file structure24.cif (mmCIF, C-alpha atoms and all ligand atoms)
data_work
#
loop_
_atom_site.group_PDB
_atom_site.id
_atom_site.type_symbol
_atom_site.label_atom_id
_atom_site.label_comp_id
_atom_site.auth_asym_id
_atom_site.auth_seq_id
_atom_site.Cartn_x
_atom_site.Cartn_y
_atom_site.Cartn_z
ATOM 1 C CA MET A 30 11.284 -19.243 65.380
ATOM 2 C CA LEU A 31 14.055 -21.578 66.379
ATOM 3 C CA THR A 32 13.665 -23.798 69.419
ATOM 4 C CA LYS A 33 15.701 -22.566 72.401
ATOM 5 C CA ARG A 34 18.012 -25.570 72.049
ATOM 6 C CA ILE A 35 18.866 -24.847 68.406
ATOM 7 C CA GLU A 36 19.122 -21.119 69.102
ATOM 8 C CA LYS A 37 21.710 -21.855 71.832
ATOM 9 C CA GLU A 38 23.751 -24.209 69.629
ATOM 10 C CA LEU A 39 23.714 -21.744 66.708
ATOM 11 C CA ASN A 40 24.873 -18.954 69.022
ATOM 12 C CA ASP A 41 27.673 -21.259 70.233
ATOM 13 C CA GLN A 42 28.524 -21.814 66.571
ATOM 14 C CA ILE A 43 28.867 -18.052 65.994
ATOM 15 C CA ASN A 44 31.311 -17.961 68.885
ATOM 16 C CA ALA A 45 33.241 -20.951 67.493
ATOM 17 C CA GLU A 46 33.495 -19.318 64.061
ATOM 18 C CA PHE A 47 34.778 -16.072 65.558
ATOM 19 C CA TYR A 48 37.259 -18.064 67.649
ATOM 20 C CA SER A 49 38.390 -19.762 64.417
ATOM 21 C CA ALA A 50 38.803 -16.322 62.826
ATOM 22 C CA TYR A 51 40.852 -15.155 65.813
ATOM 23 C CA LEU A 52 42.985 -18.306 65.729
ATOM 24 C CA TYR A 53 43.766 -17.824 62.035
ATOM 25 C CA LEU A 54 44.588 -14.154 62.570
ATOM 26 C CA SER A 55 47.023 -15.133 65.313
ATOM 27 C CA MET A 56 48.587 -17.667 62.925
ATOM 28 C CA ALA A 57 48.825 -14.962 60.231
ATOM 29 C CA ALA A 58 50.733 -12.750 62.683
ATOM 30 C CA PHE A 59 53.054 -15.660 63.515
ATOM 31 C CA PHE A 60 53.787 -16.354 59.848
ATOM 32 C CA GLU A 61 54.440 -12.620 59.295
ATOM 33 C CA SER A 62 56.913 -12.712 62.194
ATOM 34 C CA ILE A 63 58.912 -15.524 60.546
ATOM 35 C CA ASN A 64 58.676 -13.880 57.120
ATOM 36 C CA LEU A 65 56.516 -16.503 55.406
ATOM 37 C CA LYS A 66 54.214 -14.035 53.659
ATOM 38 C CA GLY A 67 52.481 -16.632 51.486
ATOM 39 C CA PHE A 68 51.499 -18.728 54.505
ATOM 40 C CA ALA A 69 50.424 -15.523 56.253
ATOM 41 C CA ASN A 70 48.225 -14.721 53.266
ATOM 42 C CA TRP A 71 46.637 -18.191 53.273
ATOM 43 C CA VAL A 72 45.690 -18.113 56.953
ATOM 44 C CA TYR A 73 44.589 -14.467 56.694
ATOM 45 C CA ILE A 74 42.078 -15.539 54.039
ATOM 46 C CA GLN A 75 40.914 -18.245 56.450
ATOM 47 C CA PHE A 76 40.388 -15.436 58.978
ATOM 48 C CA GLN A 77 38.136 -13.662 56.469
ATOM 49 C CA GLU A 78 36.253 -16.850 55.628
ATOM 50 C CA GLU A 79 35.576 -17.658 59.275
ATOM 51 C CA GLN A 80 34.090 -14.225 59.824
ATOM 52 C CA SER A 81 31.755 -14.805 56.901
ATOM 53 C CA HIS A 82 30.750 -18.189 58.407
ATOM 54 C CA ALA A 83 29.887 -16.435 61.670
ATOM 55 C CA MET A 84 27.852 -13.817 59.804
ATOM 56 C CA LEU A 85 25.951 -16.448 57.831
ATOM 57 C CA THR A 86 24.820 -17.945 61.117
ATOM 58 C CA TYR A 87 24.108 -14.498 62.605
ATOM 59 C CA ASN A 88 21.874 -13.664 59.627
ATOM 60 C CA TYR A 89 20.136 -17.032 59.769
ATOM 61 C CA ILE A 90 19.225 -16.650 63.468
ATOM 62 C CA ASN A 91 17.775 -13.206 62.711
ATOM 63 C CA GLU A 92 15.877 -14.487 59.673
ATOM 64 C CA ARG A 93 14.252 -17.123 61.859
ATOM 65 C CA GLY A 94 13.037 -14.451 64.277
ATOM 66 C CA SER A 95 15.293 -15.635 67.084
ATOM 67 C CA SER A 96 17.960 -13.847 69.136
ATOM 68 C CA VAL A 97 21.668 -13.556 68.549
ATOM 69 C CA THR A 98 23.632 -13.593 71.809
ATOM 70 C CA LEU A 99 27.337 -12.904 71.523
ATOM 71 C CA SER A 100 29.721 -14.257 74.133
ATOM 72 C CA SER A 101 33.399 -13.692 74.902
ATOM 73 C CA ILE A 102 35.953 -15.095 72.506
ATOM 74 C CA GLU A 103 38.748 -17.155 74.024
ATOM 75 C CA ALA A 104 42.309 -15.955 73.358
ATOM 76 C CA PRO A 105 44.056 -18.104 70.744
ATOM 77 C CA PRO A 106 47.629 -19.389 71.089
ATOM 78 C CA SER A 107 50.320 -17.129 69.636
ATOM 79 C CA LYS A 108 53.345 -19.438 69.331
ATOM 80 C CA TRP A 109 53.884 -22.614 67.349
ATOM 81 C CA ASP A 110 56.918 -24.764 66.475
ATOM 82 C CA GLY A 111 56.674 -23.933 62.764
ATOM 83 C CA PRO A 112 54.532 -24.498 59.645
ATOM 84 C CA VAL A 113 54.069 -28.272 60.121
ATOM 85 C CA HIS A 114 52.889 -27.771 63.687
ATOM 86 C CA ILE A 115 50.489 -25.016 62.620
ATOM 87 C CA PHE A 116 48.914 -27.102 59.880
ATOM 88 C CA GLU A 117 48.570 -30.087 62.218
ATOM 89 C CA GLU A 118 46.743 -27.791 64.629
ATOM 90 C CA ILE A 119 44.564 -26.374 61.825
ATOM 91 C CA LEU A 120 43.515 -29.862 60.747
ATOM 92 C CA LYS A 121 42.661 -30.831 64.320
ATOM 93 C CA HIS A 122 40.708 -27.604 64.759
ATOM 94 C CA GLU A 123 38.708 -28.012 61.555
ATOM 95 C CA GLN A 124 37.875 -31.606 62.500
ATOM 96 C CA GLU A 125 36.444 -30.275 65.774
ATOM 97 C CA VAL A 126 34.392 -27.676 63.860
ATOM 98 C CA THR A 127 33.054 -30.460 61.637
ATOM 99 C CA CYS A 128 31.939 -32.329 64.782
ATOM 100 C CA MET A 129 30.107 -29.198 65.972
ATOM 101 C CA ILE A 130 28.285 -28.873 62.639
ATOM 102 C CA ASN A 131 27.317 -32.549 62.717
ATOM 103 C CA LYS A 132 26.003 -32.139 66.261
ATOM 104 C CA LEU A 133 23.965 -29.103 65.184
ATOM 105 C CA ILE A 134 22.429 -31.115 62.361
ATOM 106 C CA SER A 135 21.561 -33.956 64.752
ATOM 107 C CA THR A 136 19.891 -31.451 67.083
ATOM 108 C CA SER A 137 17.965 -29.905 64.166
ATOM 109 C CA MET A 138 16.774 -33.349 63.109
ATOM 110 C CA GLU A 139 15.702 -34.222 66.638
ATOM 111 C CA GLU A 140 13.767 -30.944 66.809
ATOM 112 C CA LYS A 141 12.305 -31.643 63.328
ATOM 113 C CA ASP A 142 13.622 -28.289 62.119
ATOM 114 C CA HIS A 143 14.092 -28.964 58.401
ATOM 115 C CA ALA A 144 15.007 -25.358 57.592
ATOM 116 C CA SER A 145 17.989 -25.570 59.944
ATOM 117 C CA VAL A 146 19.052 -28.940 58.539
ATOM 118 C CA ASN A 147 18.924 -27.326 55.093
ATOM 119 C CA PHE A 148 20.852 -24.220 56.246
ATOM 120 C CA LEU A 149 23.595 -26.376 57.748
ATOM 121 C CA GLN A 150 24.157 -28.430 54.586
ATOM 122 C CA TRP A 151 26.275 -25.621 53.144
ATOM 123 C CA PHE A 152 28.607 -25.932 56.156
ATOM 124 C CA VAL A 153 28.892 -29.693 55.681
ATOM 125 C CA SER A 154 30.295 -29.188 52.158
ATOM 126 C CA GLU A 155 32.467 -26.303 53.325
ATOM 127 C CA GLN A 156 34.038 -28.475 56.046
ATOM 128 C CA VAL A 157 34.834 -31.235 53.532
ATOM 129 C CA GLU A 158 36.600 -28.652 51.356
ATOM 130 C CA GLU A 159 38.450 -27.082 54.287
ATOM 131 C CA GLU A 160 39.696 -30.373 55.714
ATOM 132 C CA SER A 161 40.805 -31.522 52.280
ATOM 133 C CA GLY A 162 42.662 -28.259 51.491
ATOM 134 C CA VAL A 163 44.433 -28.299 54.851
ATOM 135 C CA SER A 164 45.377 -31.991 54.517
ATOM 136 C CA ASP A 165 46.914 -31.310 51.098
ATOM 137 C CA ILE A 166 49.098 -28.506 52.452
ATOM 138 C CA LEU A 167 50.070 -30.577 55.493
ATOM 139 C CA GLN A 168 51.128 -33.488 53.276
ATOM 140 C CA GLN A 169 53.241 -31.192 51.107
ATOM 141 C CA LEU A 170 54.830 -29.687 54.196
ATOM 142 C CA LYS A 171 55.711 -33.125 55.511
ATOM 143 C CA MET A 172 57.211 -34.111 52.141
ATOM 144 C CA ILE A 173 59.600 -31.153 52.293
ATOM 145 C CA ASP A 174 60.175 -31.636 56.018
ATOM 146 C CA GLY A 175 58.779 -28.148 56.634
ATOM 147 C CA LYS A 176 61.912 -26.336 55.490
ATOM 148 C CA GLY A 177 64.401 -25.376 52.792
ATOM 149 C CA ALA A 178 63.765 -24.420 49.171
ATOM 150 C CA GLY A 179 60.546 -26.484 49.140
ATOM 151 C CA LEU A 180 59.123 -24.341 51.919
ATOM 152 C CA LEU A 181 59.886 -21.142 50.000
ATOM 153 C CA MET A 182 58.241 -22.561 46.868
ATOM 154 C CA LEU A 183 55.131 -23.524 48.808
ATOM 155 C CA ASP A 184 55.112 -20.064 50.402
ATOM 156 C CA ARG A 185 55.113 -18.515 46.920
ATOM 157 C CA GLU A 186 52.236 -20.751 45.877
ATOM 158 C CA LEU A 187 50.129 -19.891 48.938
ATOM 159 C CA LYS A 188 50.627 -16.201 48.236
ATOM 160 C CA GLN A 189 48.412 -16.586 45.154
ATOM 161 C CA ARG A 190 45.305 -17.391 47.171
ATOM 162 C CA VAL A 191 42.589 -14.725 47.025
ATOM 163 C CA PHE A 192 39.528 -14.286 49.200
ATOM 164 C CA VAL A 193 36.229 -15.155 47.570
ATOM 165 C CA GLN A 194 33.070 -14.313 49.489
ATOM 166 C CA PRO A 195 31.298 -17.636 50.122
ATOM 167 C CA ALA A 196 28.343 -17.974 47.702
ATOM 168 C CA ALA A 197 25.864 -18.571 50.506
ATOM 169 C CA SER A 198 26.745 -15.222 52.138
ATOM 170 C CA ALA A 199 27.254 -13.140 48.984
ATOM 171 C CA THR A 200 23.872 -11.417 49.236
HETATM 172 FE FE1 LIG B 1 34.114 -22.069 59.702
HETATM 173 FE FE2 LIG B 1 36.971 -23.350 59.193
HETATM 174 O O1 LIG B 1 35.141 -23.534 59.398
#

call {"tool": "encode", "arguments": {"input": "structure24.cif", "output": "structure tokens"}}
result
Amino acid sequence: MLTKRIEKELNDQINAEFYSAYLYLSMAAFFESINLKGFANWVYIQFQEEQSHAMLTYNYINERGSSVTLSSIEAPPSKWDGPVHIFEEILKHEQEVTCMINKLISTSMEEKDHASVNFLQWFVSEQVEEESGVSDILQQLKMIDGKGAGLLMLDRELKQRVFVQPAASAT
């Protein structure tokens, strides 16, 4: 069984992951509306990944014999100034998620819950990868000033991305 404090923070994490999913889906719709299908594909895959992060946590709470409690998901924004703005917002958002994971690990350590510390390690690596991937795209976008032929080339590149079920949730 999880302590009540960890159970609460993990349930908050499920909500945060579903909010992330919702945010990325809203971004996918925005990119569709401005005809950047490759960008839409990239953020749509983020939407799928975030749902799998939520489900990993859902399954973990159940495995530990504790209770999942779902709460309402905040509405995400639906308008941005363009691709550069979106990727700046994504980076900021992922940095906040990283802070939440770090806080969860600190709580697990304080509660001497080694299983939870171990469970959360996967998310630590995932956040490093996510922040790095987003930073790379943001840098490229800034180099091309977020427009022109460079933008179309980047859009074509991002169209190649395919969803891969995260290893930790592939069971
Ligand atoms: Fe679930 Fe984008 O971290």

call {"tool": "residues_near_ligand", "arguments": {"input": "structure24.cif", "ligand": "ligand LIG 1 (chain B)", "cutoff": "10 Å", "atoms": "only C-alpha atoms and all ligand atoms", "output": "tab-separated table (two decimals) with C-alpha atoms, in the frame of the given file"}}
result
chain	number	residue	atom	x	y	z
A	42	GLN	CA	28.52	-21.81	66.57
A	43	ILE	CA	28.87	-18.05	65.99
A	45	ALA	CA	33.24	-20.95	67.49
A	46	GLU	CA	33.49	-19.32	64.06
A	47	PHE	CA	34.78	-16.07	65.56
A	48	TYR	CA	37.26	-18.06	67.65
A	49	SER	CA	38.39	-19.76	64.42
A	50	ALA	CA	38.80	-16.32	62.83
A	53	TYR	CA	43.77	-17.82	62.04
A	75	GLN	CA	40.91	-18.24	56.45
A	76	PHE	CA	40.39	-15.44	58.98
A	77	GLN	CA	38.14	-13.66	56.47
A	78	GLU	CA	36.25	-16.85	55.63
A	79	GLU	CA	35.58	-17.66	59.28
A	80	GLN	CA	34.09	-14.22	59.82
A	81	SER	CA	31.76	-14.80	56.90
A	82	HIS	CA	30.75	-18.19	58.41
A	83	ALA	CA	29.89	-16.43	61.67
A	119	ILE	CA	44.56	-26.37	61.82
A	120	LEU	CA	43.52	-29.86	60.75
A	122	HIS	CA	40.71	-27.60	64.76
A	123	GLU	CA	38.71	-28.01	61.56
A	124	GLN	CA	37.88	-31.61	62.50
A	125	GLU	CA	36.44	-30.28	65.77
A	126	VAL	CA	34.39	-27.68	63.86
A	127	THR	CA	33.05	-30.46	61.64
A	130	ILE	CA	28.28	-28.87	62.64
A	152	PHE	CA	28.61	-25.93	56.16
A	153	VAL	CA	28.89	-29.69	55.68
A	155	GLU	CA	32.47	-26.30	53.32
A	156	GLN	CA	34.04	-28.48	56.05
A	157	VAL	CA	34.83	-31.24	53.53
A	158	GLU	CA	36.60	-28.65	51.36
A	159	GLU	CA	38.45	-27.08	54.29
A	160	GLU	CA	39.70	-30.37	55.71
A	163	VAL	CA	44.43	-28.30	54.85

call {"tool": "residues_around", "arguments": {"input": "structure24.cif", "residues": "stretch 183-186 of chain A", "least_positions_apart": "4", "cutoff": "12 Å", "atoms": "only C-alpha atoms", "output": "number ranges by chain"}}
result
A: 60-61, 63-72, 112, 165-179, 190-191

call {"tool": "closest_residue", "arguments": {"input": "structure24.cif", "among": "A:Ala144, A:Leu133, A:Leu52, A:Cys128", "to": "A:Glu103", "atoms": "all atoms listed in the file"}}
result
A:Leu52

call {"tool": "atom_distance", "arguments": {"input": "structure24.cif", "atom1": "atom CA of A:Arg34", "atom2": "atom CA of A:Thr136"}}
result
7.9 Å

call {"tool": "atom_distance", "arguments": {"input": "structure24.cif", "atom1": "atom CA of A:Ala104", "atom2": "atom CA of A:Asn131"}}
result
24.8 Å

call {"tool": "residues_around", "arguments": {"input": "structure24.cif", "residues": "A:Tyr89", "least_positions_apart": "6", "cutoff": "12 Å", "atoms": "only C-alpha atoms", "output": "VMD selection string"}}
result
chain A and resid 30 to 31 35 to 36 39 to 40 42 to 43 82 to 83 95 to 97 144 to 145 147 to 149 197 to 198

call {"tool": "closest_residue", "arguments": {"input": "structure24.cif", "among": "A:Ser107, A:Asp41, A:Val113, A:Leu99", "to": "A:Leu54", "atoms": "all atoms listed in the file"}}
result
A:Ser107

call {"tool": "closest_residue", "arguments": {"input": "structure24.cif", "among": "A:Asn44, A:Leu181, A:Ile90, A:Ile74", "to": "A:Val193", "atoms": "all atoms listed in the file"}}
result
A:Ile74

call {"tool": "residues_around", "arguments": {"input": "structure24.cif", "residues": "A:Trp109", "least_positions_apart": "5", "cutoff": "12 Å", "atoms": "all atoms listed in the file", "output": "list in words"}}
result
Leu52, Ser55, Met56, Ala57, Ala58, Phe59, Phe60, Ser62, Ile63, His114, Ile115, Phe116, Glu117, Glu118 and Ile119 of chain A

call {"tool": "atom_distance", "arguments": {"input": "structure24.cif", "atom1": "atom CA of A:Asp142", "atom2": "atom CA of A:Ser154"}}
result
19.4 Å

call {"tool": "closest_residue", "arguments": {"input": "structure24.cif", "among": "A:Lys33, A:Ser164, A:Met182, A:Lys188", "to": "A:Gly94", "atoms": "all atoms listed in the file"}}
result
A:Lys33

call {"tool": "build_atoms", "arguments": {"input": "structure24.cif", "residues": "stretch 132-154 of chain A", "atoms": "N, CA, C and O atoms", "output": "PDB file, keeping the file's coordinate frame"}}
result
ATOM      1  N   LYS A 132      26.841 -32.130  65.058  1.00  0.00           N
ATOM      2  CA  LYS A 132      26.003 -32.139  66.261  1.00  0.00           C
ATOM      3  C   LYS A 132      24.792 -31.222  66.063  1.00  0.00           C
ATOM      4  O   LYS A 132      23.666 -31.551  66.441  1.00  0.00           O
ATOM      5  N   LEU A 133      25.061 -30.056  65.449  1.00  0.00           N
ATOM      6  CA  LEU A 133      23.965 -29.103  65.184  1.00  0.00           C
ATOM      7  C   LEU A 133      22.911 -29.716  64.262  1.00  0.00           C
ATOM      8  O   LEU A 133      21.707 -29.510  64.443  1.00  0.00           O
ATOM      9  N   ILE A 134      23.377 -30.469  63.281  1.00  0.00           N
ATOM     10  CA  ILE A 134      22.429 -31.115  62.361  1.00  0.00           C
ATOM     11  C   ILE A 134      21.619 -32.179  63.118  1.00  0.00           C
ATOM     12  O   ILE A 134      20.401 -32.261  62.959  1.00  0.00           O
ATOM     13  N   SER A 135      22.291 -32.941  63.965  1.00  0.00           N
ATOM     14  CA  SER A 135      21.561 -33.956  64.752  1.00  0.00           C
ATOM     15  C   SER A 135      20.498 -33.282  65.617  1.00  0.00           C
ATOM     16  O   SER A 135      19.363 -33.755  65.707  1.00  0.00           O
ATOM     17  N   THR A 136      20.870 -32.175  66.251  1.00  0.00           N
ATOM     18  CA  THR A 136      19.891 -31.451  67.083  1.00  0.00           C
ATOM     19  C   THR A 136      18.722 -30.974  66.223  1.00  0.00           C
ATOM     20  O   THR A 136      17.553 -31.133  66.599  1.00  0.00           O
ATOM     21  N   SER A 137      19.032 -30.421  65.045  1.00  0.00           N
ATOM     22  CA  SER A 137      17.965 -29.905  64.166  1.00  0.00           C
ATOM     23  C   SER A 137      17.040 -31.035  63.733  1.00  0.00           C
ATOM     24  O   SER A 137      15.820 -30.843  63.626  1.00  0.00           O
ATOM     25  N   MET A 138      17.609 -32.211  63.507  1.00  0.00           N
ATOM     26  CA  MET A 138      16.774 -33.349  63.109  1.00  0.00           C
ATOM     27  C   MET A 138      15.887 -33.789  64.273  1.00  0.00           C
ATOM     28  O   MET A 138      14.700 -34.058  64.089  1.00  0.00           O
ATOM     29  N   GLU A 139      16.491 -33.827  65.457  1.00  0.00           N
ATOM     30  CA  GLU A 139      15.702 -34.222  66.638  1.00  0.00           C
ATOM     31  C   GLU A 139      14.552 -33.252  66.870  1.00  0.00           C
ATOM     32  O   GLU A 139      13.470 -33.644  67.277  1.00  0.00           O
ATOM     33  N   GLU A 140      14.801 -31.972  66.582  1.00  0.00           N
ATOM     34  CA  GLU A 140      13.767 -30.944  66.809  1.00  0.00           C
ATOM     35  C   GLU A 140      12.854 -30.806  65.578  1.00  0.00           C
ATOM     36  O   GLU A 140      12.028 -29.901  65.531  1.00  0.00           O
ATOM     37  N   LYS A 141      13.091 -31.660  64.586  1.00  0.00           N
ATOM     38  CA  LYS A 141      12.305 -31.643  63.328  1.00  0.00           C
ATOM     39  C   LYS A 141      12.309 -30.259  62.667  1.00  0.00           C
ATOM     40  O   LYS A 141      11.299 -29.787  62.150  1.00  0.00           O
ATOM     41  N   ASP A 142      13.472 -29.615  62.722  1.00  0.00           N
ATOM     42  CA  ASP A 142      13.622 -28.289  62.119  1.00  0.00           C
ATOM     43  C   ASP A 142      14.325 -28.459  60.763  1.00  0.00           C
ATOM     44  O   ASP A 142      15.550 -28.401  60.664  1.00  0.00           O
ATOM     45  N   HIS A 143      13.531 -28.675  59.727  1.00  0.00           N
ATOM     46  CA  HIS A 143      14.092 -28.964  58.401  1.00  0.00           C
ATOM     47  C   HIS A 143      14.822 -27.761  57.817  1.00  0.00           C
ATOM     48  O   HIS A 143      15.795 -27.927  57.083  1.00  0.00           O
ATOM     49  N   ALA A 144      14.346 -26.563  58.111  1.00  0.00           N
ATOM     50  CA  ALA A 144      15.007 -25.358  57.592  1.00  0.00           C
ATOM     51  C   ALA A 144      16.444 -25.284  58.115  1.00  0.00           C
ATOM     52  O   ALA A 144      17.372 -24.935  57.380  1.00  0.00           O
ATOM     53  N   SER A 145      16.629 -25.626  59.377  1.00  0.00           N
ATOM     54  CA  SER A 145      17.989 -25.570  59.944  1.00  0.00           C
ATOM     55  C   SER A 145      18.861 -26.672  59.360  1.00  0.00           C
ATOM     56  O   SER A 145      20.049 -26.448  59.086  1.00  0.00           O
ATOM     57  N   VAL A 146      18.277 -27.854  59.164  1.00  0.00           N
ATOM     58  CA  VAL A 146      19.052 -28.940  58.539  1.00  0.00           C
ATOM     59  C   VAL A 146      19.526 -28.455  57.171  1.00  0.00           C
ATOM     60  O   VAL A 146      20.696 -28.601  56.807  1.00  0.00           O
ATOM     61  N   ASN A 147      18.613 -27.834  56.428  1.00  0.00           N
ATOM     62  CA  ASN A 147      18.924 -27.326  55.093  1.00  0.00           C
ATOM     63  C   ASN A 147      20.008 -26.242  55.155  1.00  0.00           C
ATOM     64  O   ASN A 147      20.970 -26.266  54.391  1.00  0.00           O
ATOM     65  N   PHE A 148      19.863 -25.299  56.076  1.00  0.00           N
ATOM     66  CA  PHE A 148      20.852 -24.220  56.246  1.00  0.00           C
ATOM     67  C   PHE A 148      22.246 -24.796  56.506  1.00  0.00           C
ATOM     68  O   PHE A 148      23.248 -24.327  55.957  1.00  0.00           O
ATOM     69  N   LEU A 149      22.297 -25.828  57.324  1.00  0.00           N
ATOM     70  CA  LEU A 149      23.595 -26.376  57.748  1.00  0.00           C
ATOM     71  C   LEU A 149      24.282 -27.217  56.675  1.00  0.00           C
ATOM     72  O   LEU A 149      25.485 -27.478  56.775  1.00  0.00           O
ATOM     73  N   GLN A 150      23.537 -27.610  55.645  1.00  0.00           N
ATOM     74  CA  GLN A 150      24.157 -28.430  54.586  1.00  0.00           C
ATOM     75  C   GLN A 150      25.330 -27.699  53.931  1.00  0.00           C
ATOM     76  O   GLN A 150      26.330 -28.314  53.566  1.00  0.00           O
ATOM     77  N   TRP A 151      25.195 -26.393  53.759  1.00  0.00           N
ATOM     78  CA  TRP A 151      26.275 -25.621  53.144  1.00  0.00           C
ATOM     79  C   TRP A 151      27.579 -25.790  53.946  1.00  0.00           C
ATOM     80  O   TRP A 151      28.667 -25.943  53.392  1.00  0.00           O
ATOM     81  N   PHE A 152      27.433 -25.801  55.282  1.00  0.00           N
ATOM     82  CA  PHE A 152      28.607 -25.932  56.156  1.00  0.00           C
ATOM     83  C   PHE A 152      29.224 -27.330  56.060  1.00  0.00           C
ATOM     84  O   PHE A 152      30.430 -27.489  56.222  1.00  0.00           O
ATOM     85  N   VAL A 153      28.373 -28.326  55.807  1.00  0.00           N
ATOM     86  CA  VAL A 153      28.892 -29.693  55.681  1.00  0.00           C
ATOM     87  C   VAL A 153      29.864 -29.742  54.495  1.00  0.00           C
ATOM     88  O   VAL A 153      30.992 -30.228  54.618  1.00  0.00           O
ATOM     89  N   SER A 154      29.422 -29.191  53.350  1.00  0.00           N
ATOM     90  CA  SER A 154      30.295 -29.188  52.158  1.00  0.00           C
ATOM     91  C   SER A 154      31.535 -28.333  52.396  1.00  0.00           C
ATOM     92  O   SER A 154      32.642 -28.689  51.986  1.00  0.00           O
TER      93      SER A 154
END
